[in-house]
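Asks: Hey, dropping final15.csv in here, CSV, C-alpha atoms:
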chain,number,residue,atom,x,y,z
A,188,MET,CA,-11.3,198.1,-23.5
A,189,ARG,CA,-10.6,197.6,-19.8
A,190,VAL,CA,-13.8,196.7,-17.8
A,191,LEU,CA,-14.3,197.5,-14.1
A,192,ILE,CA,-17.0,195.6,-12.3
A,193,ALA,CA,-18.2,197.5,-9.2
A,194,ALA,CA,-21.6,196.1,-8.2
A,195,ASP,CA,-23.4,195.7,-4.9
A,196,LYS,CA,-24.9,192.5,-3.7
A,197,PHE,CA,-28.1,191.0,-5.2
A,198,LYS,CA,-30.0,190.7,-1.9
A,199,GLY,CA,-31.3,187.2,-1.3
A,200,SER,CA,-29.2,185.5,-4.0
A,201,LEU,CA,-25.6,186.7,-4.4
A,202,THR,CA,-22.9,188.7,-2.5
A,203,ALA,CA,-21.2,191.6,-4.2
A,204,ALA,CA,-18.1,189.4,-4.7
A,205,GLN,CA,-20.2,186.6,-6.2
A,206,VAL,CA,-21.8,189.1,-8.6
A,207,ALA,CA,-18.4,190.2,-9.7
A,208,GLU,CA,-17.2,186.6,-10.1
A,209,ARG,CA,-20.2,185.6,-12.3
A,210,LEU,CA,-20.0,188.7,-14.5
A,211,THR,CA,-16.2,188.2,-14.9
A,212,ALA,CA,-16.8,184.5,-15.9
A,213,GLY,CA,-19.4,185.5,-18.5
A,214,LEU,CA,-17.3,188.3,-20.0
A,215,ARG,CA,-14.2,186.2,-20.3
A,216,ARG,CA,-16.1,183.3,-21.9
A,217,ALA,CA,-17.7,185.6,-24.5
A,218,ALA,CA,-14.5,187.8,-24.9
A,219,PRO,CA,-11.4,185.8,-23.9
A,220,ARG,CA,-9.1,188.7,-24.4
A,221,ALA,CA,-11.1,191.0,-22.2
A,222,SER,CA,-9.3,192.9,-19.4
A,223,VAL,CA,-11.6,192.6,-16.4
A,224,ALA,CA,-11.1,193.9,-12.8
A,225,SER,CA,-13.5,194.1,-10.0
A,226,VAL,CA,-14.2,196.1,-6.8
A,227,PRO,CA,-17.2,194.7,-5.0
A,228,VAL,CA,-19.0,197.6,-3.4
A,229,ALA,CA,-21.6,198.4,-0.7
A,230,ASP,CA,-23.4,201.4,0.7
A,231,GLY,CA,-23.3,200.8,4.5
A,232,GLY,CA,-26.1,198.2,4.7
A,233,ASP,CA,-26.1,194.4,4.5
A,234,GLY,CA,-23.0,193.2,2.8
A,235,THR,CA,-20.7,196.1,3.8
A,236,VAL,CA,-18.3,193.9,5.8
A,237,ASP,CA,-18.3,191.3,3.0
A,238,ALA,CA,-17.3,194.0,0.5
A,239,ALA,CA,-14.5,195.2,2.8
A,240,ALA,CA,-13.2,191.6,3.2
A,241,ALA,CA,-13.3,191.1,-0.6
A,242,ALA,CA,-11.1,194.2,-0.8
A,243,GLY,CA,-8.4,192.8,1.5
A,244,PHE,CA,-9.6,193.8,4.9
A,245,GLY,CA,-9.3,191.0,7.6
A,246,ARG,CA,-12.6,189.6,8.7
A,247,ARG,CA,-13.1,189.1,12.4
A,248,GLU,CA,-16.0,187.4,14.2
A,249,ILE,CA,-17.2,187.8,17.7
A,250,CYS,CA,-20.3,186.8,19.8
A,251,VAL,CA,-22.5,189.7,20.7
A,252,THR,CA,-26.0,190.5,21.9
A,253,GLY,CA,-28.6,190.3,19.1
A,254,PRO,CA,-31.6,192.6,18.7
A,255,VAL,CA,-33.8,190.5,21.0
A,256,GLY,CA,-31.1,189.7,23.5
A,257,LYS,CA,-30.0,186.4,22.3
A,258,PRO,CA,-26.3,185.9,21.3
A,259,VAL,CA,-25.4,186.2,17.6
A,260,THR,CA,-22.1,185.9,15.8
A,261,ALA,CA,-21.2,189.3,14.1
A,262,ALA,CA,-18.3,190.2,11.9
A,263,TYR,CA,-16.4,193.4,11.4
A,264,ALA,CA,-13.4,194.1,9.1
A,265,LEU,CA,-10.0,195.6,9.9
A,266,ARG,CA,-7.0,196.7,8.0
A,267,ASN,CA,-4.1,198.9,9.1
A,268,GLY,CA,-6.1,200.4,11.9
A,269,ALA,CA,-9.2,201.1,9.8
A,270,ALA,CA,-12.3,199.2,10.8
A,271,VAL,CA,-15.6,198.6,9.0
A,272,VAL,CA,-18.5,197.9,11.3
A,273,GLU,CA,-21.9,196.9,9.9
A,274,MET,CA,-24.8,197.4,12.2
A,275,ALA,CA,-26.8,194.8,10.4
A,276,GLU,CA,-24.3,192.2,11.5
A,277,ALA,CA,-25.2,192.6,15.1
A,278,SER,CA,-28.6,194.4,15.2
A,279,GLY,CA,-30.1,193.8,11.8
A,280,LEU,CA,-33.5,192.5,10.7
A,281,ARG,CA,-31.8,189.3,9.6
A,282,ARG,CA,-30.8,188.7,13.2
A,283,LEU,CA,-34.4,188.5,14.3
A,284,PRO,CA,-35.9,185.0,14.8
A,285,ALA,CA,-37.8,183.9,11.7
A,286,GLY,CA,-41.1,185.7,11.4
A,287,VAL,CA,-40.6,187.7,14.6
A,288,PHE,CA,-40.4,191.5,14.9
A,289,ALA,CA,-39.7,193.5,18.1
A,290,PRO,CA,-40.3,197.1,17.2
A,291,LEU,CA,-40.6,198.4,20.8
A,292,THR,CA,-37.9,196.3,22.5
A,293,ALA,CA,-35.2,195.5,19.8
A,294,THR,CA,-31.8,196.8,21.0
A,295,SER,CA,-28.7,198.0,19.3
A,296,TYR,CA,-26.5,196.8,22.2
A,297,GLY,CA,-24.7,194.3,20.0
A,298,THR,CA,-23.5,197.1,17.6
A,299,GLY,CA,-21.8,198.8,20.6
A,300,GLU,CA,-20.1,195.5,21.5
A,301,VAL,CA,-18.8,195.3,17.9
A,302,LEU,CA,-17.5,198.8,18.1
A,303,ARG,CA,-15.8,198.0,21.4
A,304,ALA,CA,-14.2,194.9,19.9
A,305,ALA,CA,-12.8,197.1,17.0
A,306,LEU,CA,-11.3,199.5,19.6
A,307,ASP,CA,-9.8,196.5,21.4
A,308,ALA,CA,-8.2,195.4,18.1
A,309,GLY,CA,-6.5,198.8,17.7
A,310,ALA,CA,-8.9,200.6,15.3
A,311,ARG,CA,-8.0,204.3,14.9
A,312,SER,CA,-10.8,205.0,12.4
A,313,ILE,CA,-14.2,203.3,12.1
A,314,ALA,CA,-16.7,203.4,9.3
A,315,LEU,CA,-20.0,202.5,10.9
A,316,GLY,CA,-22.5,201.3,8.2
A,317,VAL,CA,-26.0,201.5,9.5
A,318,GLY,CA,-28.5,200.0,7.0
A,319,GLY,CA,-30.8,197.1,7.6
A,320,SER,CA,-31.4,197.7,11.3
A,321,ALA,CA,-34.1,195.9,13.4
A,322,THR,CA,-34.1,198.6,16.1
A,323,THR,CA,-35.7,202.0,16.9
A,324,ASP,CA,-33.8,202.7,20.2
A,325,GLY,CA,-32.0,205.9,19.2
A,326,GLY,CA,-28.7,204.1,19.6
A,327,ALA,CA,-29.2,203.9,23.4
A,328,GLY,CA,-28.4,200.2,23.3
A,329,MET,CA,-25.2,200.9,21.4
A,330,LEU,CA,-24.1,203.6,23.8
A,331,SER,CA,-24.9,201.4,26.8
A,332,ALA,CA,-22.5,198.8,25.5
A,333,LEU,CA,-19.9,201.5,25.3
A,334,GLY,CA,-20.3,202.7,28.9
A,335,ALA,CA,-23.3,205.1,28.9
A,336,ARG,CA,-26.1,204.7,31.5
A,337,PHE,CA,-29.7,205.5,30.8
A,338,LEU,CA,-31.6,205.8,34.1
A,339,GLU,CA,-35.2,206.0,35.1
A,340,ALA,CA,-36.4,208.2,38.0
A,341,SER,CA,-35.9,205.3,40.4
A,342,GLY,CA,-32.3,205.0,39.5
A,343,ALA,CA,-32.8,201.7,37.6
A,344,LEU,CA,-31.5,201.3,34.1
A,345,THR,CA,-34.0,201.6,31.4
A,346,GLY,CA,-35.0,198.4,29.6
A,347,PRO,CA,-34.0,197.6,26.0
A,348,GLY,CA,-35.6,199.1,23.0
A,349,GLY,CA,-37.1,202.4,22.0
A,350,ALA,CA,-40.4,202.3,24.0
A,351,ALA,CA,-38.4,202.2,27.3
A,352,LEU,CA,-36.9,205.6,26.5
A,353,ALA,CA,-40.2,207.1,27.5
A,354,ARG,CA,-39.3,206.4,31.1
A,355,LEU,CA,-35.8,208.0,30.8
A,356,ALA,CA,-35.0,210.5,33.5
A,357,LYS,CA,-31.2,210.8,33.1
A,358,ALA,CA,-28.7,210.1,30.3
A,359,ASP,CA,-25.3,209.6,31.9
A,360,LEU,CA,-22.6,209.6,29.2
A,361,SER,CA,-19.6,210.1,31.6
A,362,GLY,CA,-18.7,206.4,31.5
A,363,LEU,CA,-18.3,206.2,27.7
A,364,ASP,CA,-15.1,204.4,26.6
A,365,ALA,CA,-12.4,207.1,26.6
A,366,ARG,CA,-10.8,205.6,23.4
A,367,LEU,CA,-13.8,206.9,21.4
A,368,ALA,CA,-12.5,210.5,21.8
A,369,GLU,CA,-9.4,209.5,19.9
A,370,VAL,CA,-11.1,207.6,17.0
A,371,ASP,CA,-12.3,209.1,13.7
A,372,LEU,CA,-15.9,207.7,13.5
A,373,VAL,CA,-17.8,208.1,10.3
A,374,LEU,CA,-21.6,207.4,10.2
A,375,ALA,CA,-22.0,205.7,6.8
A,376,SER,CA,-25.6,205.7,5.7
A,377,ASP,CA,-27.6,205.8,2.5
A,378,VAL,CA,-30.4,207.8,4.2
A,379,ASP,CA,-30.3,211.3,5.6
A,380,ASN,CA,-33.6,211.3,7.6
A,381,PRO,CA,-33.8,213.3,10.8
A,382,LEU,CA,-34.7,211.6,14.1
A,383,LEU,CA,-38.2,212.9,14.5
A,384,GLY,CA,-41.3,213.9,12.5
A,385,PRO,CA,-42.9,212.6,9.4
A,386,LYS,CA,-39.6,211.8,7.8
A,387,GLY,CA,-38.1,210.5,11.0
A,388,ALA,CA,-36.9,207.1,12.3
A,389,ALA,CA,-40.2,205.9,13.7
A,390,ALA,CA,-42.6,207.3,11.0
A,391,VAL,CA,-40.6,206.1,8.0
A,392,TYR,CA,-38.8,203.0,9.1
A,393,GLY,CA,-40.8,201.8,12.1
A,394,PRO,CA,-43.4,200.0,9.9
A,395,GLN,CA,-40.7,198.1,8.1
A,396,LYS,CA,-39.6,196.8,11.5
A,397,GLY,CA,-43.1,195.6,12.4
A,398,ALA,CA,-44.5,198.7,14.2
A,399,SER,CA,-48.2,199.3,14.0
A,400,PRO,CA,-49.5,202.9,13.7
A,401,GLN,CA,-50.0,203.0,17.4
A,402,GLU,CA,-46.5,201.7,18.1
A,403,VAL,CA,-45.0,204.2,15.7
A,404,ASP,CA,-46.6,206.9,17.9
A,405,VAL,CA,-45.2,205.3,21.0
A,406,LEU,CA,-41.7,205.2,19.5
A,407,GLU,CA,-42.0,208.8,18.2
A,408,ASP,CA,-42.9,210.1,21.6
A,409,ALA,CA,-40.2,208.1,23.3
A,410,LEU,CA,-37.5,209.3,20.9
A,411,ARG,CA,-38.5,212.9,21.3
A,412,HIS,CA,-38.3,212.5,25.1
A,413,TYR,CA,-34.9,210.8,24.7
A,414,ALA,CA,-33.5,213.6,22.5
A,415,ARG,CA,-34.9,216.2,25.0
A,416,THR,CA,-33.4,214.4,28.0
A,417,CYS,CA,-30.0,214.2,26.2
A,418,GLY,CA,-30.2,218.0,25.6
A,419,ALA,CA,-29.8,217.4,21.9
A,420,LEU,CA,-33.1,218.3,20.1
A,421,GLY,CA,-31.0,220.3,17.7
A,422,THR,CA,-28.9,217.3,16.7
A,423,ALA,CA,-32.2,215.3,16.2
A,424,ALA,CA,-32.9,217.5,13.2
A,425,GLU,CA,-29.5,216.8,11.5
A,426,PRO,CA,-29.2,214.7,8.4
A,427,GLY,CA,-28.6,211.1,9.3
A,428,ALA,CA,-29.9,211.3,12.9
A,429,GLY,CA,-32.8,209.1,12.0
A,430,ALA,CA,-30.7,206.5,10.3
A,431,ALA,CA,-31.0,202.9,11.7
A,432,GLY,CA,-33.8,203.6,14.1
A,433,GLY,CA,-32.1,206.7,15.4
A,434,LEU,CA,-28.8,205.1,16.0
A,435,GLY,CA,-27.5,207.9,13.9
A,436,PHE,CA,-28.6,210.3,16.6
A,437,GLY,CA,-26.7,208.4,19.2
A,438,ALA,CA,-23.6,208.3,17.1
A,439,LEU,CA,-23.8,212.0,16.2
A,440,THR,CA,-24.6,213.2,19.7
A,441,ALA,CA,-22.5,211.0,22.0
A,442,LEU,CA,-19.8,209.7,19.8
A,443,ARG,CA,-19.2,212.9,17.8
A,444,ALA,CA,-19.5,210.9,14.5
A,445,ARG,CA,-19.3,212.5,11.1
A,446,PHE,CA,-22.1,211.8,8.7
A,447,ARG,CA,-21.3,210.8,5.1
A,448,PRO,CA,-23.2,209.0,2.5
A,449,GLY,CA,-22.4,205.3,2.9
A,450,VAL,CA,-21.4,204.6,-0.7
A,451,GLU,CA,-19.0,207.5,-0.7
A,452,VAL,CA,-17.3,206.2,2.5
A,453,MET,CA,-17.1,202.6,1.1
A,454,LEU,CA,-15.8,203.6,-2.3
A,455,ASP,CA,-13.0,205.5,-0.6
A,456,LEU,CA,-12.1,202.6,1.7
A,457,LEU,CA,-12.2,200.0,-1.1
A,458,GLY,CA,-9.9,201.9,-3.4
A,459,PHE,CA,-12.5,202.5,-6.0
A,460,ASP,CA,-10.9,205.6,-7.5
A,461,GLU,CA,-7.6,203.9,-8.1
A,462,ALA,CA,-9.3,201.0,-9.9
A,463,LEU,CA,-11.5,203.5,-11.9
A,464,ALA,CA,-8.4,205.2,-13.2
A,465,GLN,CA,-7.5,202.0,-15.1
A,466,ALA,CA,-11.0,201.5,-16.6
A,467,ASP,CA,-12.6,202.3,-19.9
A,468,LEU,CA,-16.1,200.8,-19.1
A,469,VAL,CA,-17.8,200.4,-15.7
A,470,ILE,CA,-20.4,197.7,-14.8
A,471,THR,CA,-22.3,198.4,-11.6
A,472,GLY,CA,-25.6,197.0,-10.2
A,473,GLU,CA,-27.7,195.7,-7.4
A,474,GLY,CA,-30.7,193.4,-6.9
A,475,SER,CA,-33.3,196.0,-7.8
A,476,LEU,CA,-32.8,199.2,-9.7
A,477,ASP,CA,-35.7,201.4,-8.5
A,478,THR,CA,-36.3,204.8,-7.1
A,479,GLN,CA,-34.3,204.1,-4.0
A,480,THR,CA,-31.3,203.6,-6.3
A,481,LEU,CA,-31.4,207.2,-7.2
A,482,HIS,CA,-31.0,208.3,-3.5
A,483,GLY,CA,-27.6,207.2,-2.3
A,484,LYS,CA,-27.5,203.5,-3.3
A,485,ALA,CA,-24.2,202.0,-4.5
A,486,PRO,CA,-24.9,202.0,-8.3
A,487,ALA,CA,-25.7,205.7,-8.2
A,488,GLY,CA,-22.5,206.5,-6.3
A,489,VAL,CA,-20.4,204.4,-8.7
A,490,ALA,CA,-22.0,206.0,-11.7
A,491,SER,CA,-21.4,209.5,-10.3
A,492,ARG,CA,-17.7,208.9,-10.0
A,493,ALA,CA,-17.4,207.2,-13.3
A,494,ARG,CA,-19.3,210.0,-15.1
A,495,ALA,CA,-17.0,212.6,-13.5
A,496,ARG,CA,-14.2,210.8,-15.4
A,497,GLY,CA,-16.2,210.6,-18.6
A,498,LEU,CA,-16.6,206.8,-18.5
A,499,PRO,CA,-19.6,204.9,-19.7
A,500,VAL,CA,-21.6,202.9,-17.1
A,501,ILE,CA,-23.7,199.8,-17.6
A,502,ALA,CA,-25.9,198.4,-14.8
A,503,VAL,CA,-27.1,194.9,-14.1
A,504,CYS,CA,-29.9,194.0,-11.8
A,505,GLY,CA,-32.4,191.4,-10.9
A,506,ARG,CA,-35.4,193.7,-11.5
A,507,LEU,CA,-35.6,197.1,-13.3
A,508,SER,CA,-38.2,199.7,-12.6
A,509,LEU,CA,-36.4,202.8,-13.7
A,510,ASP,CA,-37.0,204.4,-17.2
A,511,PRO,CA,-34.0,205.3,-19.4
A,512,ALA,CA,-34.3,209.0,-18.5
A,513,SER,CA,-33.9,208.2,-14.8
A,514,LEU,CA,-31.0,206.0,-15.5
A,515,HIS,CA,-29.3,208.6,-17.7
A,516,ALA,CA,-29.8,211.2,-15.0
A,517,VAL,CA,-27.5,209.3,-12.6
A,518,GLY,CA,-25.0,208.5,-15.3
A,519,ILE,CA,-26.1,204.9,-16.2
A,520,HIS,CA,-26.1,204.4,-20.0
A,521,ARG,CA,-28.0,201.1,-20.1
A,522,ALA,CA,-29.4,198.5,-17.7
A,523,TYR,CA,-29.8,194.8,-18.1
A,524,ALA,CA,-32.3,192.9,-15.8
A,525,LEU,CA,-32.2,189.2,-15.1
A,526,THR,CA,-36.0,189.2,-15.3
A,527,GLU,CA,-35.7,189.8,-19.0
A,528,LEU,CA,-34.2,186.3,-19.2
A,529,GLU,CA,-36.2,184.7,-16.5
A,530,PRO,CA,-39.5,186.5,-15.6
A,531,ASP,CA,-40.3,184.0,-12.8
A,532,ILE,CA,-39.0,185.7,-9.6
A,533,PRO,CA,-38.3,182.6,-7.5
A,534,ARG,CA,-36.5,181.0,-10.4
A,535,CYS,CA,-34.6,184.2,-11.1
A,536,LEU,CA,-33.4,184.4,-7.5
A,537,ALA,CA,-32.4,180.7,-7.5
A,538,HIS,CA,-30.5,180.9,-10.8
A,539,ALA,CA,-29.1,184.5,-10.5
A,540,GLY,CA,-25.5,183.3,-11.0
A,541,PRO,CA,-25.9,181.6,-14.4
A,542,LEU,CA,-28.3,184.4,-15.5
A,543,LEU,CA,-25.6,187.0,-14.7
A,544,GLU,CA,-23.1,185.1,-16.9
A,545,ARG,CA,-25.6,185.2,-19.7
A,546,VAL,CA,-26.1,188.9,-19.2
A,547,ALA,CA,-22.4,189.4,-19.3
A,548,ALA,CA,-22.3,187.6,-22.7
A,549,ARG,CA,-25.0,190.0,-23.9
A,550,ILE,CA,-22.9,193.0,-22.8
A,551,ALA,CA,-19.9,191.6,-24.6
A,552,ARG,CA,-22.0,191.4,-27.8
A,553,ASP,CA,-23.6,194.8,-27.4
A,554,PHE,CA,-20.2,196.5,-26.7
A,555,PRO,CA,-17.8,194.7,-29.1
A,556,PRO,CA,-14.6,196.3,-27.9
A,557,VAL,CA,-15.1,194.3,-24.7
Could you render the structure as structure tokens?
Replies:
Amino acid sequence: MRVLIAADKFKGSLTAAQVAERLTAGLRRAAPRASVASVPVADGGDGTVDAAAAAGFGRREICVTGPVGKPVTAAYALRNGAAVVEMAEASGLRRLPAGVFAPLTATSYGTGEVLRAALDAGARSIALGVGGSATTDGGAGMLSALGARFLEASGALTGPGGAALARLAKADLSGLDARLAEVDLVLASDVDNPLLGPKGAAAVYGPQKGASPQEVDVLEDALRHYARTCGALGTAAEPGAGAAGGLGFGALTALRARFRPGVEVMLDLLGFDEALAQADLVITGEGSLDTQTLHGKAPAGVASRARARGLPVIAVCGRLSLDPASLHAVGIHRAYALTELEPDIPRCLAHAGPLLERVAARIARDFPPV
């Protein structure tokens, strides 16, 4: 049996590539003659650039503006004119100072700087992964870095962050980098929320970025005014417009991006289908298999493609909160959780690597042809 490992990162403990390395080591120790290949995967959020680099893309680092205005080092990936840009690298929650949130003022400017760097490097297509953001600025910061000007009635530029958009009088997109018109830009997201309303960027994701109920209302009103001033209230209702604090709206409106589920974009870029054609069994996974997994996360995307080829799929995870019926519904035959071996969560996180190797040995025993 030929085994393909296609797992996402275990957030807080292991990258997708490290997950694959540990599972491979465990399988080969338990079944020395096993044929094992791996394609570390991602869904557009944290770890997307790492997954691309593991697949052979070149990793490039640049200094850009972080979400609170301080410089950060962000990476993107490039291969043969195809770039992978991960918003979280420049404007993600992990780029905030420890314990600090900035729901009203966090800016996506750095993401625009990374996009500009990719253009400078010759990118002709760009996959923009937008999970894990710290911002709710509708992508205005990103667009500003690419040449747009957002002006108050006085003619002054609006300040950073979503709250400042309430003072917006004019959105001038005439200065956008002309190269953007020649680039195929895909908005890769695991969420399809609209910009506004109860399922919108502020209401759903604002609290995760530190916004109080009152601040959620401020951001909602500011984003609505922003969309109206841009003359794009219709676009605000499109799937993906609310992704990454409304950065999806900015990409769809001003950059003419195409929205696609992040895992589908990444599986195509990483050559997953070619690897899948050589497999008899697929092992996927992520840190937590829960209800979010069922809605566009990497394991569900992997399982969907494997099921279409009639291949069995096993999942590994840190924690498991899905019942067998839910797993089977997305094409996962069986799941193994590290907490079955180590119930203590801090210890489980600290020893995720060795635990994964033990899980791999169990898989080899439970599926003898491995």
Asks: What's the 6 Å shell around Leu382 in chain A, counting all atoms listed in the file, without same-chain residues fewer than 5 positions away, as a PyMOL selection string?
Replies: chain A and resi 387-388+423+428-429+433
Asks: Select, counting only C-alpha atoms, all protein, DNA and RNA residues no farther than 6 Å from (-13.0, 198.6, -18.5) in file coordinates, and express the selection as a list in words.
Replies: Met188, Arg189, Val190, Leu191, Ala466, Asp467, Leu468 and Val469 of chain A
Asks: Would you work out the distance separating CA of Ala270 in chain A from CA of Gly299 in chain A, expressed in Å to one decimal?
Replies: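 Taking CA of Ala270 in chain A and CA of Gly299 in chain A, their separation equals 13.7 Å.
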Asks: Find the residues around range 364-379 of chain A up to 8 Å (only C-alpha atoms counted), leave out those fewer than 3 positions away in its own chain, and share them as JSON, numbers by chain.
Replies: {"A": [230, 231, 232, 306, 310, 311, 312, 313, 314, 315, 316, 317, 318, 333, 334, 426, 427, 428, 429, 430, 435, 438, 439, 442, 443, 444, 445, 446, 447, 448, 449, 450, 452, 482, 483, 484]}
Asks: Using all atoms listed in the file, determine which residues lie at most 8 Å from Arg282 in chain A, disregarding the query and same-chain residues fewer than 6 positions distant; provide the list as JSON, numbers by chain.
Replies: {"A": [253, 254, 259, 275, 276, 321]}
Asks: From the list A:Leu463, A:Cys535, A:Ala203, A:Ala238, which residue is nearest Val272 in chain A when using all atoms listed in the file?
Replies: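 When distances to Val272 in chain A are compared using all atoms listed in the file, the smallest one comes from A:Ala238.
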Asks: With all atoms listed in the file as the atoms that count, which of A:Gln465, A:Ala241, A:Arg534, A:Val236 lies nearest to Glu208 in chain A?
Replies: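 Nearest candidate to Glu208 in chain A out of A:Gln465, A:Ala241, A:Arg534, A:Val236: A:Ala241.
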Asks: Between CA of Gly268 in chain A and CA of Pro486 in chain A, what is the spacing in Å?
Replies: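 We find that CA of Pro486 in chain A and CA of Gly268 in chain A lie 27.6 Å from each other.
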Asks: Can you pull out the residues contacting range 408-414 of chain A? Cut-off 6 Å, using all atoms listed in the file, and skip same-chain residues under 5 positions away; I want them as JSON, numbers by chain.
Replies: {"A": [350, 352, 353, 419, 420]}
Asks: Give the answer as one residue: which of A:Ala537, A:Ala398, A:Leu543, A:Ala221 has the shortest atom-to-atom distance to Gly472 in chain A, using all atoms listed in the file?
Replies: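 Of all the options, A:Leu543 lies closest to Gly472 in chain A.
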Asks: At what distance in Å, to one decimal, does CA of Gly540 in chain A lie from CA of Leu201 in chain A?
Replies: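 Between CA of Leu201 in chain A and CA of Gly540 in chain A the gap is 7.4 Å.
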